[in-house]
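Structure file structure30.tsv with TSV, C-alpha atoms:
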chain	number	residue	atom	x	y	z
Z	18	MET	CA	0.00	0.00	0.00
Z	19	SER	CA	1.39	3.38	-0.99
Z	20	ASN	CA	2.27	5.91	1.76
Z	21	LYS	CA	1.99	8.78	-0.68
Z	22	PRO	CA	-0.58	11.33	0.60
Z	23	SER	CA	-3.65	11.84	-1.54
Z	24	LYS	CA	-4.40	15.03	-3.40
Z	25	VAL	CA	-7.37	15.54	-1.09
Z	26	SER	CA	-5.07	15.39	1.96
Z	27	ASP	CA	-2.69	17.83	0.31
Z	28	LYS	CA	-5.49	20.29	-0.32
Z	29	LEU	CA	-6.81	19.96	3.24
Z	30	SER	CA	-3.33	20.49	4.70
Z	31	THR	CA	-2.72	23.50	2.49
Z	32	LYS	CA	-6.09	24.94	3.43
Z	33	LYS	CA	-5.33	24.51	7.16
Z	34	VAL	CA	-1.93	26.18	6.78
Z	35	ASN	CA	-3.43	29.08	4.82
Z	36	THR	CA	-6.13	29.51	7.45
Z	37	VAL	CA	-3.53	29.64	10.23
Z	38	LEU	CA	-1.35	32.10	8.28
Z	39	LYS	CA	-4.34	34.28	7.51
Z	40	GLY	CA	-5.31	34.34	11.19
Z	41	LEU	CA	-1.72	35.11	12.22
Z	42	THR	CA	-1.43	37.92	9.68
Z	43	SER	CA	-4.71	39.39	10.89
Z	44	TYR	CA	-3.44	39.20	14.47
Z	45	VAL	CA	-0.18	40.97	13.62
Z	46	VAL	CA	-1.97	43.73	11.68
Z	47	ASP	CA	-4.45	44.27	14.52
Z	48	ALA	CA	-1.64	44.34	17.06
Z	49	MET	CA	0.36	46.84	14.97
Z	50	ASN	CA	-2.69	49.11	14.63
Z	51	GLN	CA	-3.32	48.91	18.36
Z	52	ALA	CA	0.33	49.70	19.01
Z	53	ILE	CA	0.07	52.85	16.91
Z	54	GLU	CA	-2.99	53.96	18.88
Z	55	ASP	CA	-1.33	53.20	22.20
Z	56	ILE	CA	1.74	55.35	21.51
Z	57	GLN	CA	-0.09	58.46	20.36
Z	58	ILE	CA	1.53	61.45	22.03
Z	59	PRO	CA	-0.72	63.45	24.37
Z	60	PRO	CA	-1.58	66.99	23.20
Z	61	VAL	CA	0.92	69.66	24.20
Z	62	GLN	CA	0.66	73.28	23.18
Z	63	VAL	CA	3.53	75.68	22.60
Z	64	PRO	CA	3.45	79.49	22.60
Z	65	VAL	CA	4.22	81.01	19.20
Z	66	PHE	CA	4.94	84.71	18.71
Z	67	LYS	CA	2.98	85.99	15.74
Z	68	GLU	CA	1.66	89.42	14.83
Z	69	ASN	CA	2.86	90.98	18.09
Z	70	GLN	CA	1.05	88.53	20.32
Z	71	HIS	CA	1.55	85.08	21.78
Z	72	ILE	CA	-0.78	82.37	20.61
Z	73	THR	CA	-0.81	78.60	21.11
Z	74	THR	CA	-1.40	76.61	17.98
Z	75	LEU	CA	0.60	73.38	18.00
Z	76	ASP	CA	-0.76	70.16	19.44
Z	77	GLY	CA	1.41	67.17	20.25
Z	78	HIS	CA	5.12	66.92	20.99
Z	79	VAL	CA	7.35	69.70	19.66
Z	80	ASN	CA	11.10	70.00	19.34
Z	81	ASN	CA	12.71	72.26	21.95
Z	82	GLN	CA	13.97	74.54	19.14
Z	83	ILE	CA	10.57	75.01	17.52
Z	84	GLY	CA	10.11	78.53	18.94
Z	85	LYS	CA	13.39	79.76	17.42
Z	86	ILE	CA	12.71	78.04	14.10
Z	87	ILE	CA	9.26	79.57	13.81
Z	88	SER	CA	10.60	83.02	14.71
Z	89	VAL	CA	13.28	82.80	12.02
Z	90	ALA	CA	10.78	81.59	9.42
Z	91	GLN	CA	8.35	84.34	10.38
Z	92	LEU	CA	11.04	86.91	9.58
Z	93	GLY	CA	11.35	85.44	6.09
Z	94	ILE	CA	14.86	84.05	6.64
Z	95	PRO	CA	15.36	80.74	4.76
Z	96	VAL	CA	15.61	77.85	7.21
Z	97	CYS	CA	17.88	74.81	6.91
Z	98	LEU	CA	17.34	71.85	9.25
Z	99	PHE	CA	20.11	69.27	9.24
Z	100	GLY	CA	20.51	66.05	11.18
Z	101	GLY	CA	20.32	62.28	10.95
Z	102	SER	CA	17.49	60.37	9.33
Z	103	GLY	CA	14.35	60.09	11.39
Z	104	THR	CA	15.04	63.02	13.71
Z	105	GLY	CA	11.76	64.79	12.87
Z	106	LYS	CA	12.92	67.46	10.43
Z	107	THR	CA	9.92	67.07	8.12
Z	108	THR	CA	7.54	67.13	11.10
Z	109	ILE	CA	9.09	70.41	12.27
Z	110	ALA	CA	8.58	71.93	8.81
Z	111	LYS	CA	4.90	70.93	8.88
Z	112	GLN	CA	4.55	72.41	12.37
Z	113	VAL	CA	5.98	75.69	11.12
Z	114	SER	CA	3.29	75.86	8.45
Z	115	LEU	CA	0.61	75.12	11.07
Z	116	ALA	CA	1.95	77.75	13.45
Z	117	LEU	CA	2.06	80.39	10.70
Z	118	ASP	CA	-1.28	79.21	9.29
Z	119	LEU	CA	0.16	78.79	5.81
Z	120	PRO	CA	-0.25	76.06	3.16
Z	121	PHE	CA	2.43	73.38	3.21
Z	122	TYR	CA	4.28	72.22	0.08
Z	123	CYS	CA	6.96	69.57	-0.07
Z	124	GLN	CA	9.30	68.25	-2.74
Z	125	THR	CA	12.16	65.76	-2.43
Z	126	ILE	CA	15.41	66.15	-4.33
Z	127	THR	CA	16.19	63.18	-6.56
Z	128	ALA	CA	19.31	62.31	-8.54
Z	129	GLY	CA	19.62	64.45	-11.65
Z	130	MET	CA	16.65	66.65	-10.78
Z	131	SER	CA	16.56	69.56	-13.23
Z	132	GLU	CA	15.67	73.19	-12.62
Z	133	SER	CA	12.34	72.65	-14.38
Z	134	MET	CA	11.12	70.54	-11.45
Z	135	LEU	CA	11.15	73.77	-9.44
Z	136	LEU	CA	10.77	76.51	-12.06
Z	137	GLY	CA	8.27	74.76	-14.33
Z	138	ARG	CA	8.39	73.85	-18.01
Z	139	HIS	CA	6.39	73.93	-21.25
Z	140	MET	CA	4.31	70.94	-22.22
Z	141	LEU	CA	2.33	70.15	-25.35
Z	142	ASP	CA	-1.41	70.43	-24.61
Z	143	LYS	CA	-4.38	68.71	-26.27
Z	144	ASP	CA	-4.72	71.55	-28.79
Z	145	LYS	CA	-1.08	71.02	-29.83
Z	146	GLY	CA	-0.14	74.29	-28.24
Z	147	MET	CA	2.34	74.83	-25.44
Z	148	THR	CA	1.22	75.21	-21.83
Z	149	TYR	CA	3.50	76.23	-19.00
Z	150	ILE	CA	3.31	73.69	-16.20
Z	151	GLN	CA	3.11	75.19	-12.74
Z	152	THR	CA	4.99	73.47	-9.90
Z	153	PRO	CA	4.32	73.28	-6.14
Z	154	PHE	CA	7.37	75.48	-5.67
Z	155	LEU	CA	5.95	78.22	-7.92
Z	156	ASN	CA	2.57	77.95	-6.20
Z	157	ALA	CA	4.23	78.63	-2.86
Z	158	VAL	CA	6.36	81.47	-4.24
Z	159	GLU	CA	3.48	83.25	-6.00
Z	160	ASN	CA	0.62	82.54	-3.58
Z	161	GLY	CA	2.35	82.11	-0.24
Z	162	GLY	CA	3.06	79.03	1.82
Z	163	VAL	CA	5.79	77.04	3.51
Z	164	PHE	CA	7.82	75.13	0.93
Z	165	LEU	CA	10.02	72.26	2.11
Z	166	LEU	CA	12.82	71.10	-0.18
Z	167	ASP	CA	13.83	67.77	1.31
Z	168	GLU	CA	17.22	66.08	0.87
Z	169	PHE	CA	18.61	69.50	-0.01
Z	170	ASP	CA	22.21	68.33	0.25
Z	171	ALA	CA	21.61	66.08	-2.77
Z	172	ILE	CA	20.67	69.02	-5.03
Z	173	ASP	CA	22.60	69.78	-8.20
Z	174	GLU	CA	24.57	73.00	-7.75
Z	175	ASN	CA	23.10	74.63	-10.87
Z	176	CYS	CA	19.62	73.90	-9.57
Z	177	ALA	CA	20.52	75.49	-6.24
Z	178	LEU	CA	21.99	78.57	-7.95
Z	179	ALA	CA	18.73	79.05	-9.85
Z	180	ILE	CA	16.90	79.93	-6.63
Z	181	ASN	CA	19.68	81.89	-4.89
Z	182	ASN	CA	18.25	85.27	-5.89
Z	183	LEU	CA	14.87	84.23	-4.56
Z	184	LEU	CA	16.28	83.26	-1.18
Z	185	GLU	CA	18.34	86.43	-0.91
Z	186	PHE	CA	16.34	89.17	-2.66
Z	187	GLY	CA	12.84	87.73	-2.98
Z	188	TYR	CA	12.52	87.62	-6.76
Z	189	LEU	CA	12.73	84.80	-9.26
Z	190	ASN	CA	13.52	84.74	-12.97
Z	191	LEU	CA	11.61	82.33	-15.23
Z	192	PRO	CA	13.24	82.77	-18.65
Z	193	MET	CA	11.16	79.98	-20.20
Z	194	ARG	CA	7.82	81.53	-19.21
Z	195	THR	CA	6.65	84.23	-21.62
Z	196	GLU	CA	3.93	85.46	-19.29
Z	197	LYS	CA	5.38	86.91	-16.08
Z	198	PRO	CA	9.00	85.85	-16.72
Z	199	ALA	CA	10.03	87.50	-13.46
Z	200	ILE	CA	8.10	87.25	-10.22
Z	201	GLU	CA	8.39	88.69	-6.75
Z	202	ALA	CA	7.87	86.28	-3.89
Z	203	HIS	CA	4.60	86.52	-2.00
Z	204	LYS	CA	4.91	88.15	1.41
Z	205	ASP	CA	3.93	84.84	3.04
Z	206	PHE	CA	6.40	82.65	1.15
Z	207	ARG	CA	8.66	80.71	3.52
Z	208	PHE	CA	11.46	78.36	2.45
Z	209	ILE	CA	12.76	75.40	4.47
Z	210	ALA	CA	15.49	72.99	3.39
Z	211	CYS	CA	16.14	69.68	5.12
Z	212	ALA	CA	19.46	67.86	4.89
Z	213	ASN	CA	21.30	64.97	6.50
Z	214	THR	CA	24.69	66.70	6.37
Z	215	LYS	CA	26.00	70.20	7.13
Z	216	LEU	CA	25.93	71.03	3.37
Z	217	ASN	CA	29.71	70.72	3.17
Z	218	GLY	CA	29.89	67.33	1.50
Z	219	ALA	CA	29.22	63.65	2.02
Z	220	SER	CA	29.38	62.09	5.48
Z	221	LEU	CA	30.25	58.58	6.59
Z	222	ILE	CA	26.63	57.42	6.29
Z	223	HIS	CA	25.23	59.84	3.72
Z	224	ASN	CA	27.91	59.47	1.07
Z	225	GLY	CA	25.81	60.53	-1.90
Z	226	ARG	CA	25.55	64.17	-0.86
Z	227	ASN	CA	27.06	67.24	-2.49
Z	228	GLN	CA	29.25	70.01	-1.18
Z	229	LEU	CA	27.23	73.13	-1.87
Z	230	ASP	CA	28.60	76.45	-2.99
Z	231	GLY	CA	29.34	78.97	-0.25
Z	232	ALA	CA	26.96	81.45	-1.88
Z	233	THR	CA	24.13	78.96	-1.50
Z	234	ILE	CA	24.96	78.15	2.11
Z	235	SER	CA	25.20	81.86	3.00
Z	236	ARG	CA	21.54	82.29	2.03
Z	237	PHE	CA	20.68	80.40	5.23
Z	238	ASP	CA	22.76	82.55	7.59
Z	239	GLY	CA	20.89	82.73	10.89
Z	240	GLY	CA	18.48	80.02	9.82
Z	241	ILE	CA	20.57	76.85	10.17
Z	242	PHE	CA	19.52	74.47	12.94
Z	243	GLU	CA	20.93	71.09	13.92
Z	244	ILE	CA	18.14	68.65	14.73
Z	245	ALA	CA	19.52	65.96	17.01
Z	246	TYR	CA	17.69	62.89	18.25
Z	247	ASP	CA	14.91	64.09	20.53
Z	248	LEU	CA	15.27	61.87	23.58
Z	249	THR	CA	12.10	63.21	25.17
Z	250	LEU	CA	10.18	62.17	22.07
Z	251	GLU	CA	11.88	58.77	22.08
Z	252	ARG	CA	10.73	58.25	25.64
Z	253	LEU	CA	7.14	58.91	24.56
Z	254	LEU	CA	7.32	56.75	21.45
Z	255	CYS	CA	9.17	53.88	23.16
Z	256	PRO	CA	8.08	53.99	26.81
Z	257	ARG	CA	9.55	50.59	27.80
Z	258	PRO	CA	12.99	51.40	29.29
Z	259	ASN	CA	14.36	47.90	28.66
Z	260	ILE	CA	13.82	48.36	24.90
Z	261	ARG	CA	14.60	52.05	24.67
Z	262	LEU	CA	17.85	51.92	26.65
Z	263	LEU	CA	19.01	48.89	24.65
Z	264	PHE	CA	18.53	50.67	21.32
Z	265	GLN	CA	20.03	53.93	22.62
Z	266	GLU	CA	23.05	52.03	23.96
Z	267	ALA	CA	23.45	50.38	20.56
Z	268	ARG	CA	23.32	53.84	18.97
Z	269	ARG	CA	26.12	55.02	21.27
Z	270	ILE	CA	28.27	52.11	20.13
Z	271	VAL	CA	27.47	52.87	16.49
Z	272	LEU	CA	28.62	56.47	16.93
Z	273	GLN	CA	31.69	55.54	18.96
Z	274	HIS	CA	32.95	53.08	16.35
Z	275	SER	CA	31.81	55.05	13.29
Z	276	ILE	CA	29.62	52.21	12.03
Z	277	ARG	CA	27.82	53.21	8.84
Z	278	LYS	CA	24.37	52.56	10.24
Z	279	GLU	CA	21.72	54.64	11.99
Z	280	ILE	CA	19.47	53.89	14.94
Z	281	SER	CA	17.03	56.76	14.73
Z	282	THR	CA	13.92	57.88	16.56
Z	283	ARG	CA	11.99	56.17	13.80
Z	284	THR	CA	13.78	52.94	14.71
Z	285	LEU	CA	12.71	53.20	18.34
Z	286	LYS	CA	9.11	53.91	17.39
Z	287	ARG	CA	8.99	50.83	15.19
Z	288	ALA	CA	10.72	48.76	17.86
Z	289	GLU	CA	7.88	49.60	20.24
Z	290	MET	CA	5.31	48.74	17.59
Z	291	LEU	CA	6.89	45.39	16.80
Z	292	TRP	CA	7.34	44.48	20.47
Z	293	GLN	CA	3.61	44.92	21.06
Z	294	THR	CA	2.83	42.27	18.44
Z	295	GLY	CA	4.24	39.63	20.78
Z	296	MET	CA	6.30	38.09	17.96
Z	297	PHE	CA	9.66	38.67	19.67
Z	298	LYS	CA	10.74	36.85	22.82
Z	299	THR	CA	13.34	39.30	24.14
Z	300	PRO	CA	14.47	42.88	23.45
Z	301	MET	CA	17.78	41.44	22.22
Z	302	GLU	CA	15.97	39.35	19.62
Z	303	LEU	CA	14.13	42.50	18.57
Z	304	LEU	CA	17.39	44.44	18.22
Z	305	HIS	CA	18.91	41.68	16.10
Z	306	HIS	CA	15.85	41.86	13.85
Z	307	PHE	CA	16.66	45.54	13.16
Z	308	MET	CA	20.29	44.60	12.46
Z	309	ILE	CA	19.41	41.90	9.94
Z	310	ASN	CA	21.19	43.72	7.08
Z	311	TRP	CA	24.28	44.55	9.18
Z	312	SER	CA	27.51	42.64	8.76
Z	313	GLU	CA	28.34	39.87	11.19
Z	314	GLN	CA	31.24	41.93	12.53
Z	315	GLU	CA	28.96	44.91	13.18
Z	316	ARG	CA	26.40	42.78	15.01
Z	317	ASP	CA	29.10	41.10	17.10
Z	318	LEU	CA	30.62	44.46	18.01
Z	319	ILE	CA	27.28	45.78	19.28
Z	320	THR	CA	26.74	42.66	21.39
Z	321	GLU	CA	30.27	42.74	22.81
Z	322	GLU	CA	30.18	46.45	23.69
Z	323	LEU	CA	26.81	46.42	25.45
Z	324	SER	CA	27.12	46.96	29.18
Z	325	GLU	CA	26.52	43.95	31.40
Z	326	GLU	CA	23.39	45.49	32.91
Z	327	ILE	CA	21.89	46.29	29.51
Z	328	GLN	CA	22.65	42.77	28.30
Z	329	GLN	CA	20.94	41.22	31.31
Z	330	ILE	CA	17.69	43.10	30.80
Z	331	ALA	CA	17.86	42.70	27.01
Z	332	ASN	CA	17.91	38.91	27.24
Z	333	LYS	CA	14.86	38.66	29.48
Z	334	ALA	CA	11.37	38.33	28.07
Z	335	ILE	CA	9.75	39.65	31.24
Z	336	LEU	CA	11.30	41.70	34.02
Z	337	THR	CA	10.46	41.22	37.65
Z	338	GLU	CA	8.77	44.08	39.49
Z	339	THR	CA	12.04	44.79	41.30
Z	340	GLU	CA	14.01	44.89	38.02
Z	341	GLN	CA	11.39	47.08	36.36
Z	342	GLN	CA	11.41	49.49	39.29
Z	343	HIS	CA	15.21	49.62	39.33
Z	344	LEU	CA	15.33	50.29	35.60
Z	345	GLU	CA	12.74	53.07	35.81
Z	346	GLU	CA	14.59	54.67	38.73
Z	347	LYS	CA	17.85	54.50	36.77
Z	348	ASP	CA	16.10	55.90	33.71
Z	349	ASN	CA	14.70	58.84	35.67
Z	350	ALA	CA	17.97	59.45	37.52
Z	351	ASP	CA	19.90	59.71	34.27
Z	352	GLY	CA	17.99	62.80	33.25
Z	353	GLU	CA	14.68	64.09	31.98
Z	354	TYR	CA	15.45	62.83	28.49
Z	355	GLY	CA	15.47	59.23	29.63
Z	356	ASN	CA	18.89	58.50	28.16
Z	357	HIS	CA	21.46	56.56	30.20
Z	358	SER	CA	24.30	58.71	31.45
Z	359	GLU	CA	27.13	57.12	29.48
Z	360	GLY	CA	25.32	57.58	26.18
Z	361	ALA	CA	24.43	61.17	27.06
Z	362	LYS	CA	28.00	61.96	28.06
Z	363	PHE	CA	29.31	60.48	24.83
Z	364	LEU	CA	26.90	62.52	22.69
Z	365	GLU	CA	27.93	65.66	24.58
Z	366	SER	CA	31.60	64.87	23.99
Z	367	LEU	CA	30.90	64.53	20.27
Z	368	LYS	CA	29.34	67.99	20.18
Z	369	GLU	CA	32.29	69.48	22.05
Z	370	SER	CA	34.78	67.87	19.68
Z	371	GLU	CA	32.88	69.27	16.69
Z	372	VAL	CA	33.15	72.77	18.17
Z	373	VAL	CA	36.91	72.32	18.64
Z	374	ASP	CA	37.34	71.00	15.10
Z	375	ALA	CA	35.41	73.92	13.66
Z	376	THR	CA	37.59	76.36	15.61
Z	377	ASP	CA	40.76	74.69	14.37
Z	378	GLU	CA	39.64	75.05	10.78
Take the structure in the file and write it out as structure tokens.
Amino acid sequence: MSNKPSKVSDKLSTKKVNTVLKGLTSYVVDAMNQAIEDIQIPPVQVPVFKENQHITTLDGHVNNQIGKIISVAQLGIPVCLFGGSGTGKTTIAKQVSLALDLPFYCQTITAGMSESMLLGRHMLDKDKGMTYIQTPFLNAVENGGVFLLDEFDAIDENCALAINNLLEFGYLNLPMRTEKPAIEAHKDFRFIACANTKLNGASLIHNGRNQLDGATISRFDGGIFEIAYDLTLERLLCPRPNIRLLFQEARRIVLQHSIRKEISTRTLKRAEMLWQTGMFKTPMELLHHFMINWSEQERDLITEELSEEIQQIANKAILTETEQQHLEEKDNADGEYGNHSEGAKFLESLKESEVVDATDE
């Protein structure tokens, strides 16, 4: 008698497996959605100076520099926000538009992007005539609004030079447009650029970025802000100290050894979301999931450099009440930002060294 399973058995087995997978997928999706709801940040309002009075307009968490950034933008000075990926630069730009009650426009720089993506171009219309295509950038310039040019440090220099007069003097030349070939910027036009580098060339991680001309960089004098990882926000997005401190410790090691990887605020938010699905047994397993595309040497280095205390809590699925209390006390004692002291000290030392290097130059 043959032991070969029948086609009917095969179909039944396949059906059972598909049913289980479908149920598991539904569970994960529901858990992820619930996780997103659970980590919503409570409303917080910030005073914004506008039209000679203080008003409160922003709900939710705000960066501690938001007041300065809004003030600079309100004066019409072009703003440049630079910092690592996932530090909230785009969110800040949107908050500026909300605070100033202006429309928000956004465009991302891509490789080989031409000036026409900003300044517009002619296109053949249905009547075989030529129509000038308006762009979001021109809409903001002519009608007012906050325009965000993302990944600004990837822009072609000629493209950047095309808008230099606008950023400095408030007017823009459109040689290809026969009607209104020169325009003056609307009084409510505000320009914000976001970058991952300091505009002076590629960095260790962001190696596809350009060194911009000094004339372009000077347009942002007084409006350049470094957006670092917001540890207060990370505490809200990833409230479990055993997960948050593990990922922040790993970040410290990445910075200390110049590993070409980033552990951003976005990473911590997603770590919290994934943990709530129940699909990971320990925080360490969760961390290794985020390092899946890292080299074996990089993963080993992170594991070896983790402090003994962090390793102990990272390899436990559930902490005892005593361990949880100790960790929360340590977390609170290390500062209002919820970052462990060694990591905080290291980040501060990096900032100090950058100041020294800049002075030496």
For CA of Ala202 (chain Z) and CA of Val158 (chain Z), quote the distance in Å rounded to one decimal. 5.1 Å
Given only C-alpha atoms as the counted atoms, nearest of Z:Phe307, Z:Phe297, Z:Tyr149, Z:Phe121 to Ile209 (chain Z): Z:Phe121
Let me make sure I understand: among Z:Glu326, Z:Glu132, Z:Glu321, Z:Glu243, which one has the smallest atom-to-atom distance to Leu263 (chain Z) if we use only C-alpha atoms?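 The answer is Z:Glu326, which sits nearest to Leu263 (chain Z).
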Given the choices Z:Thr282, Z:Ser235, Z:Thr337, Z:Gln293, which gets closest to Leu253 (chain Z) if the distance is worked out from only C-alpha atoms? Z:Thr282
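The coordinates place CA of Cys255 (chain Z) at 5.8 Å from CA of Lys286 (chain Z).
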Of the candidates Z:Gln151, Z:Ala157, Z:Gln91, Z:Thr107, which one gets nearest to Tyr122 (chain Z) if we count all atoms listed in the file?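 For Tyr122 (chain Z), the nearest of the candidates is Z:Ala157.
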When you count all atoms listed in the file, which of these residues is closest to Glu201 (chain Z): Z:Leu155, Z:Ile83, Z:Ile234, Z:Ile276?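 Of Z:Leu155, Z:Ile83, Z:Ile234, Z:Ile276, the one nearest Glu201 (chain Z) is Z:Leu155, counting all atoms listed in the file.
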